[in-house]
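Okay, work-v6.cif now, which holds mmCIF, C-alpha atoms:
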data_entry
loop_
_atom_site.group_PDB
_atom_site.id
_atom_site.type_symbol
_atom_site.label_atom_id
_atom_site.label_comp_id
_atom_site.auth_asym_id
_atom_site.auth_seq_id
_atom_site.Cartn_x
_atom_site.Cartn_y
_atom_site.Cartn_z
ATOM 1 C CA PRO A 19 -23.091 62.763 -57.478
ATOM 2 C CA THR A 20 -22.506 65.264 -54.690
ATOM 3 C CA SER A 21 -19.007 64.994 -53.275
ATOM 4 C CA ARG A 22 -18.731 64.214 -49.606
ATOM 5 C CA PRO A 23 -17.051 66.886 -47.487
ATOM 6 C CA PRO A 24 -13.701 66.214 -45.775
ATOM 7 C CA GLY A 25 -14.140 64.812 -42.305
ATOM 8 C CA PHE A 26 -17.331 62.880 -43.104
ATOM 9 C CA ILE A 27 -17.102 59.187 -43.996
ATOM 10 C CA ARG A 28 -20.515 57.634 -43.707
ATOM 11 C CA SER A 29 -23.654 57.655 -41.657
ATOM 12 C CA ARG A 30 -25.564 54.385 -41.723
ATOM 13 C CA ARG A 31 -29.274 54.151 -41.112
ATOM 14 C CA LEU A 32 -30.008 54.295 -37.416
ATOM 15 C CA ARG A 33 -30.925 50.911 -36.029
ATOM 16 C CA VAL A 34 -33.942 51.160 -33.780
ATOM 17 C CA MET A 35 -34.851 48.557 -31.224
ATOM 18 C CA ILE A 36 -38.546 48.524 -30.427
ATOM 19 C CA LEU A 37 -38.600 48.467 -26.657
ATOM 20 C CA ARG A 38 -41.538 47.544 -24.487
ATOM 21 C CA SER A 39 -40.876 50.438 -22.142
ATOM 22 C CA LYS A 40 -41.670 54.118 -22.732
ATOM 23 C CA LEU A 41 -38.165 54.585 -24.054
ATOM 24 C CA VAL A 42 -39.220 53.716 -27.601
ATOM 25 C CA LEU A 43 -37.299 55.796 -30.124
ATOM 26 C CA PRO A 44 -39.477 58.150 -32.166
ATOM 27 C CA GLY A 45 -38.217 59.076 -35.608
ATOM 28 C CA LEU A 46 -38.778 61.060 -38.774
ATOM 29 C CA LEU A 47 -37.584 60.247 -42.305
ATOM 30 C CA LEU A 48 -35.428 62.773 -44.091
ATOM 31 C CA SER A 49 -34.396 62.895 -47.731
ATOM 32 C CA SER A 50 -30.873 63.986 -48.527
ATOM 33 C CA TRP A 51 -27.904 62.886 -50.598
ATOM 34 C CA LEU A 52 -27.202 60.402 -47.834
ATOM 35 C CA GLY A 53 -30.571 58.760 -48.502
ATOM 36 C CA PRO A 54 -33.381 58.215 -45.981
ATOM 37 C CA GLU A 55 -32.114 58.723 -42.464
ATOM 38 C CA LEU A 56 -33.973 58.213 -39.217
ATOM 39 C CA VAL A 57 -33.736 61.275 -37.002
ATOM 40 C CA LEU A 58 -34.462 61.354 -33.298
ATOM 41 C CA ALA A 59 -37.187 63.766 -32.231
ATOM 42 C CA GLU A 60 -34.854 64.622 -29.341
ATOM 43 C CA PRO A 61 -32.162 62.797 -27.362
ATOM 44 C CA ARG A 62 -34.227 60.281 -25.375
ATOM 45 C CA LEU A 63 -32.654 58.411 -22.510
ATOM 46 C CA GLY A 64 -32.464 54.726 -23.377
ATOM 47 C CA ALA A 65 -32.582 55.324 -27.136
ATOM 48 C CA LEU A 66 -29.848 54.074 -29.440
ATOM 49 C CA PHE A 67 -27.336 56.590 -30.674
ATOM 50 C CA PRO A 68 -27.116 56.651 -34.491
ATOM 51 C CA ALA A 69 -24.396 54.418 -35.926
ATOM 52 C CA LEU A 70 -21.881 56.600 -37.732
ATOM 53 C CA THR A 71 -18.259 57.058 -38.702
ATOM 54 C CA LEU A 72 -16.406 60.391 -38.729
ATOM 55 C CA ARG A 73 -12.810 61.555 -39.049
ATOM 56 C CA ASP A 74 -10.999 62.760 -35.954
ATOM 57 C CA HIS A 75 -8.367 65.520 -35.901
ATOM 58 C CA HIS A 76 -5.722 63.010 -37.022
ATOM 59 C CA ALA A 77 -7.945 62.165 -40.037
ATOM 60 C CA ALA A 78 -8.453 58.695 -38.529
ATOM 61 C CA LYS A 79 -11.841 57.009 -38.721
ATOM 62 C CA VAL A 80 -13.864 56.866 -35.491
ATOM 63 C CA THR A 81 -16.964 54.669 -35.456
ATOM 64 C CA LEU A 82 -19.772 54.577 -32.917
ATOM 65 C CA ASP A 83 -22.018 51.576 -33.427
ATOM 66 C CA PRO A 84 -24.262 49.365 -31.253
ATOM 67 C CA GLU A 85 -22.509 46.381 -32.834
ATOM 68 C CA GLU A 86 -19.294 45.943 -30.839
ATOM 69 C CA ALA A 87 -17.442 44.505 -33.820
ATOM 70 C CA GLU A 88 -17.949 47.794 -35.677
ATOM 71 C CA ASP A 89 -17.382 50.190 -32.770
ATOM 72 C CA SER A 90 -14.060 51.953 -32.161
ATOM 73 C CA PHE A 91 -14.432 51.712 -28.368
ATOM 74 C CA PRO A 92 -16.140 48.381 -27.625
ATOM 75 C CA GLY A 93 -17.259 47.865 -24.047
ATOM 76 C CA GLN A 94 -16.600 51.463 -23.015
ATOM 77 C CA ARG A 95 -18.840 54.395 -22.263
ATOM 78 C CA VAL A 96 -18.395 57.485 -24.421
ATOM 79 C CA VAL A 97 -18.992 61.120 -23.514
ATOM 80 C CA ILE A 98 -19.321 63.471 -26.487
ATOM 81 C CA TRP A 99 -19.038 67.195 -25.857
ATOM 82 C CA TRP A 100 -20.115 69.377 -28.756
ATOM 83 C CA TYR A 101 -18.508 72.805 -29.060
ATOM 84 C CA PRO A 102 -19.340 75.636 -31.478
ATOM 85 C CA GLN A 103 -15.858 76.465 -32.830
ATOM 86 C CA ALA A 104 -12.304 75.299 -32.316
ATOM 87 C CA ASP A 105 -9.817 77.538 -30.527
ATOM 88 C CA THR A 106 -12.353 79.995 -29.119
ATOM 89 C CA PRO A 107 -12.338 80.973 -25.411
ATOM 90 C CA GLY A 108 -15.234 78.850 -24.131
ATOM 91 C CA CYS A 109 -14.286 75.815 -26.202
ATOM 92 C CA THR A 110 -10.685 76.079 -25.043
ATOM 93 C CA LYS A 111 -11.700 76.191 -21.379
ATOM 94 C CA GLU A 112 -13.947 73.193 -21.785
ATOM 95 C CA GLY A 113 -11.341 71.252 -23.744
ATOM 96 C CA GLU A 114 -8.638 71.957 -21.169
ATOM 97 C CA ALA A 115 -10.940 70.950 -18.321
ATOM 98 C CA PHE A 116 -11.710 67.638 -20.043
ATOM 99 C CA GLU A 117 -7.983 67.127 -20.607
ATOM 100 C CA SER A 118 -7.238 67.721 -16.913
ATOM 101 C CA LEU A 119 -9.838 65.043 -16.041
ATOM 102 C CA HIS A 120 -8.765 62.590 -18.733
ATOM 103 C CA GLN A 121 -7.244 60.106 -16.302
ATOM 104 C CA ALA A 122 -10.337 60.218 -14.094
ATOM 105 C CA TYR A 123 -12.491 59.373 -17.117
ATOM 106 C CA ARG A 124 -10.147 56.577 -18.126
ATOM 107 C CA ALA A 125 -10.393 55.111 -14.625
ATOM 108 C CA LYS A 126 -14.165 54.958 -15.090
ATOM 109 C CA GLY A 127 -13.829 53.331 -18.507
ATOM 110 C CA VAL A 128 -15.123 56.398 -20.337
ATOM 111 C CA VAL A 129 -13.793 57.694 -23.659
ATOM 112 C CA ILE A 130 -13.855 61.475 -24.156
ATOM 113 C CA LEU A 131 -14.746 62.690 -27.640
ATOM 114 C CA GLY A 132 -14.852 66.360 -28.522
ATOM 115 C CA ALA A 133 -16.971 67.140 -31.581
ATOM 116 C CA SER A 134 -17.655 70.160 -33.759
ATOM 117 C CA ALA A 135 -18.347 71.198 -37.336
ATOM 118 C CA ASP A 136 -14.711 72.257 -37.754
ATOM 119 C CA THR A 137 -12.469 70.762 -40.410
ATOM 120 C CA VAL A 138 -9.778 68.192 -39.709
ATOM 121 C CA GLU A 139 -7.125 70.870 -40.105
ATOM 122 C CA ASP A 140 -8.811 73.312 -37.713
ATOM 123 C CA ASN A 141 -9.364 70.661 -35.060
ATOM 124 C CA ARG A 142 -5.817 69.347 -35.499
ATOM 125 C CA ASN A 143 -4.434 72.828 -34.856
ATOM 126 C CA PHE A 144 -6.745 73.188 -31.854
ATOM 127 C CA ALA A 145 -5.703 69.844 -30.350
ATOM 128 C CA ASN A 146 -2.001 70.438 -30.963
ATOM 129 C CA LYS A 147 -2.081 73.961 -29.554
ATOM 130 C CA PHE A 148 -3.550 72.791 -26.233
ATOM 131 C CA SER A 149 -2.115 69.241 -26.181
ATOM 132 C CA PHE A 150 -5.443 67.427 -26.087
ATOM 133 C CA SER A 151 -4.857 63.686 -25.791
ATOM 134 C CA TYR A 152 -8.393 62.628 -26.778
ATOM 135 C CA PRO A 153 -9.986 62.673 -30.257
ATOM 136 C CA LEU A 154 -11.824 65.662 -31.689
ATOM 137 C CA LEU A 155 -14.457 64.558 -34.194
ATOM 138 C CA CYS A 156 -14.783 66.649 -37.352
ATOM 139 C CA ASP A 157 -18.495 66.598 -38.112
ATOM 140 C CA VAL A 158 -18.482 69.202 -40.867
ATOM 141 C CA GLU A 159 -22.017 68.275 -41.964
ATOM 142 C CA LYS A 160 -23.308 68.387 -38.358
ATOM 143 C CA SER A 161 -24.618 64.845 -38.741
ATOM 144 C CA ILE A 162 -24.649 64.255 -34.970
ATOM 145 C CA PRO A 163 -26.766 67.261 -33.902
ATOM 146 C CA THR A 164 -28.980 66.758 -36.956
ATOM 147 C CA ALA A 165 -29.643 63.114 -36.070
ATOM 148 C CA LEU A 166 -30.364 64.067 -32.456
ATOM 149 C CA ASP A 167 -32.375 67.166 -33.425
ATOM 150 C CA VAL A 168 -30.143 69.284 -31.175
ATOM 151 C CA THR A 169 -29.922 73.001 -31.919
ATOM 152 C CA SER A 170 -27.887 74.064 -28.882
ATOM 153 C CA ARG A 171 -24.424 75.478 -29.613
ATOM 154 C CA ARG A 172 -22.811 73.672 -26.651
ATOM 155 C CA TRP A 173 -24.063 70.369 -25.284
ATOM 156 C CA ALA A 174 -22.925 66.896 -24.247
ATOM 157 C CA ILE A 175 -24.189 63.345 -24.205
ATOM 158 C CA MET A 176 -23.200 60.131 -22.398
ATOM 159 C CA LEU A 177 -23.441 56.813 -24.252
ATOM 160 C CA GLY A 178 -23.399 53.450 -22.545
ATOM 161 C CA PRO A 179 -21.279 50.526 -23.799
ATOM 162 C CA ASP A 180 -24.358 49.381 -25.735
ATOM 163 C CA ARG A 181 -24.507 52.854 -27.342
ATOM 164 C CA LYS A 182 -27.783 53.742 -25.697
ATOM 165 C CA ILE A 183 -28.117 57.312 -24.478
ATOM 166 C CA GLU A 184 -27.581 57.395 -20.717
ATOM 167 C CA GLN A 185 -27.643 61.158 -20.151
ATOM 168 C CA TYR A 186 -27.941 64.375 -22.133
ATOM 169 C CA TRP A 187 -26.862 67.865 -21.081
ATOM 170 C CA PRO A 188 -28.330 70.672 -23.244
ATOM 171 C CA ASP A 189 -27.230 74.295 -23.303
ATOM 172 C CA ILE A 190 -24.034 74.102 -21.246
ATOM 173 C CA SER A 191 -23.634 77.525 -19.647
ATOM 174 C CA ASP A 192 -20.287 77.085 -17.873
ATOM 175 C CA PRO A 193 -17.874 75.234 -20.184
ATOM 176 C CA ALA A 194 -14.978 75.507 -17.746
ATOM 177 C CA MET A 195 -16.880 73.707 -14.972
ATOM 178 C CA PHE A 196 -19.038 71.328 -16.984
ATOM 179 C CA PRO A 197 -16.482 68.491 -17.487
ATOM 180 C CA VAL A 198 -16.898 67.387 -13.858
ATOM 181 C CA THR A 199 -20.644 66.891 -14.415
ATOM 182 C CA PRO A 200 -20.483 63.569 -16.329
ATOM 183 C CA LEU A 201 -18.163 62.183 -13.630
ATOM 184 C CA SER A 202 -20.676 63.233 -10.987
ATOM 185 C CA PHE A 203 -23.408 61.521 -12.991
ATOM 186 C CA LEU A 204 -21.390 58.288 -13.070
ATOM 187 C CA ALA A 205 -20.692 58.482 -9.343
ATOM 188 C CA GLN A 206 -24.410 58.954 -8.643
ATOM 189 C CA THR A 207 -25.280 56.068 -10.959
ATOM 190 C CA GLU A 208 -22.840 53.789 -9.155
ATOM 191 C CA TRP A 209 -24.202 54.899 -5.779
ATOM 192 C CA ASP A 210 -27.784 54.229 -6.880
ATOM 193 C CA LYS A 211 -26.817 50.700 -7.984
ATOM 194 C CA HIS A 212 -25.093 50.140 -4.637
ATOM 195 C CA GLU A 213 -28.214 51.298 -2.786
ATOM 196 C CA GLU A 214 -30.322 48.798 -4.739
ATOM 197 C CA LEU A 215 -28.206 45.864 -3.516
#
Rewrite the coordinates I just gave you, this time as structure tokens.
Amino acid sequence: PTSRPPGFIRSRRLRVMILRSKLVLPGLLLSSWLGPELVLAEPRLGALFPALTLRDHHAAKVTLDPEEAEDSFPGQRVVIWWYPQADTPGCTKEGEAFESLHQAYRAKGVVILGASADTVEDNRNFANKFSFSYPLLCDVEKSIPTALDVTSRRWAIMLGPDRKIEQYWPDISDPAMFPVTPLSFLAQTEWDKHEEL
């Protein structure tokens, strides 16, 4: 059998809830050594994020799963920012900006997860060099962008506590300024709920 690369643990079949709204999740079957996997046609708001487990830069397992008992961050939102390569100028600026806003995200109950196709060792060196206090996922097989059908080099996604996709930001052009954008999205969401009352 094909050996699994370091950093990748497992990627379970994506659970799809058939919704009555227009936010039904479309999918395509792939064949690979992982077996049949359901792949999103694109990140659709309201769709479930694929359940998966990856290593972070400490080589610890991090699981994202709609089932709270399986999830590493039950009851919390998660923002994932995907970067092309550890310890490069744009990625460093974005990582440092997220680090400077870490407390603001915590106050909103949001977990920050960096993610890239870098190895555990490369991401560990990156995190240690710039003192990042949040996990960097080591998705060496690019299972996340593959499942979401994302081809952008730099993007981000917000997941609700139920692991449904709340927002998606493709093709981030200003990595140094982007980290305030998810906070602005949350503030607008809270304001909209207040206006509905």
Practice problem: Give as a PyMOL selection string the residues that the PyMOL selection byres ((chain A and resi 105) around 12) matches when applied to the coordinates above. | Solution: chain A and resi 101-104+106-114+134+136+139-148+150
Store the residues picked out above, limited to C-alpha atoms, as a PDB file, in the coordinates of the input.
ATOM      1  CA  TYR A 101     -18.508  72.805 -29.060  1.00  0.00           C
ATOM      2  CA  PRO A 102     -19.340  75.636 -31.478  1.00  0.00           C
ATOM      3  CA  GLN A 103     -15.858  76.465 -32.830  1.00  0.00           C
ATOM      4  CA  ALA A 104     -12.304  75.299 -32.316  1.00  0.00           C
ATOM      5  CA  THR A 106     -12.353  79.995 -29.119  1.00  0.00           C
ATOM      6  CA  PRO A 107     -12.338  80.973 -25.411  1.00  0.00           C
ATOM      7  CA  GLY A 108     -15.234  78.850 -24.131  1.00  0.00           C
ATOM      8  CA  CYS A 109     -14.286  75.815 -26.202  1.00  0.00           C
ATOM      9  CA  THR A 110     -10.685  76.079 -25.043  1.00  0.00           C
ATOM     10  CA  LYS A 111     -11.700  76.191 -21.379  1.00  0.00           C
ATOM     11  CA  GLU A 112     -13.947  73.193 -21.785  1.00  0.00           C
ATOM     12  CA  GLY A 113     -11.341  71.252 -23.744  1.00  0.00           C
ATOM     13  CA  GLU A 114      -8.638  71.957 -21.169  1.00  0.00           C
ATOM     14  CA  SER A 134     -17.655  70.160 -33.759  1.00  0.00           C
ATOM     15  CA  ASP A 136     -14.711  72.257 -37.754  1.00  0.00           C
ATOM     16  CA  GLU A 139      -7.125  70.870 -40.105  1.00  0.00           C
ATOM     17  CA  ASP A 140      -8.811  73.312 -37.713  1.00  0.00           C
ATOM     18  CA  ASN A 141      -9.364  70.661 -35.060  1.00  0.00           C
ATOM     19  CA  ARG A 142      -5.817  69.347 -35.499  1.00  0.00           C
ATOM     20  CA  ASN A 143      -4.434  72.828 -34.856  1.00  0.00           C
ATOM     21  CA  PHE A 144      -6.745  73.188 -31.854  1.00  0.00           C
ATOM     22  CA  ALA A 145      -5.703  69.844 -30.350  1.00  0.00           C
ATOM     23  CA  ASN A 146      -2.001  70.438 -30.963  1.00  0.00           C
ATOM     24  CA  LYS A 147      -2.081  73.961 -29.554  1.00  0.00           C
ATOM     25  CA  PHE A 148      -3.550  72.791 -26.233  1.00  0.00           C
ATOM     26  CA  PHE A 150      -5.443  67.427 -26.087  1.00  0.00           C
TER      27      PHE A 150
END
Quiz item: Got a sec to resolve the PyMOL selection byres ((chain A and resi 193-195) around 7) on this structure and send the residues as a count of residues only?
Solution: 10
Exercise. Please determine the residues with any atom at most 12 Å from (-21.0, 64.5, -17.7) (coordinates as given in the file, with only C-alpha atoms counting) and report them as number ranges by chain.
Key: A: 95-99, 112, 115-116, 119, 123, 128-131, 173-177, 184-188, 190, 193, 195-207
Exercise. Counting all atoms listed in the file, figure out which residue out of A:Arg73, A:Ala87, A:Glu208, A:Asp189 gets nearest to A:Gly132.
Key: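 Using all atoms listed in the file, A:Gly132 sits closest to A:Arg73.
Using all atoms listed in the file, the smallest distance between any of A:Thr71, A:Gly178, A:His76, A:Gln94 and A:Ala125 comes from A:Gln94.
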Self-check item: Selected residue of minimal separation from A:Ala135 among A:Ala122, A:Leu70, A:Ala165, A:Cys156, counting all atoms listed in the file
Solution: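 So, comparing all the options, the nearest one is A:Cys156.
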Self-check item: Separation of atom CA of A:Gly127 from atom CA of A:Thr81, in Å and rounded to one decimal
Solution: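 Interatomic distance, atom CA of A:Gly127 to atom CA of A:Thr81: 17.3 Å.
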Quiz item: How far is it from atom CA of A:Leu63 to atom CA of A:Ser151, in Å with one decimal?
Solution: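 Those two atoms sit 28.5 Å apart.
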Quiz item: Evaluating the PyMOL selection byres ((chain A and resi 66) around 7) on the displayed file yields which residues, as a list in words?
Solution: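 So the PyMOL selection byres ((chain A and resi 66) around 7) ends up selecting Val34, Gly64, Ala65, Phe67, Pro68, Arg181, Lys182 and Ile183 of chain A.
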Quiz item: What is the atom CA of A:Val138-atom CA of A:Gln121 distance in Å, reported with one decimal?
Solution: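 Atom CA of A:Gln121 lies 24.9 Å from atom CA of A:Val138.
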Exercise. Between A:Ala133, A:Glu117, A:Pro61, A:Leu155, single out the one closest to A:His75, counting all atoms listed in the file.
Key: A:Leu155
Quiz item: Of the residues A:His120, A:Lys126, A:Arg62, A:Lys79, which is the one nearest to A:Asp157, using only C-alpha atoms?
Solution: A:Lys79
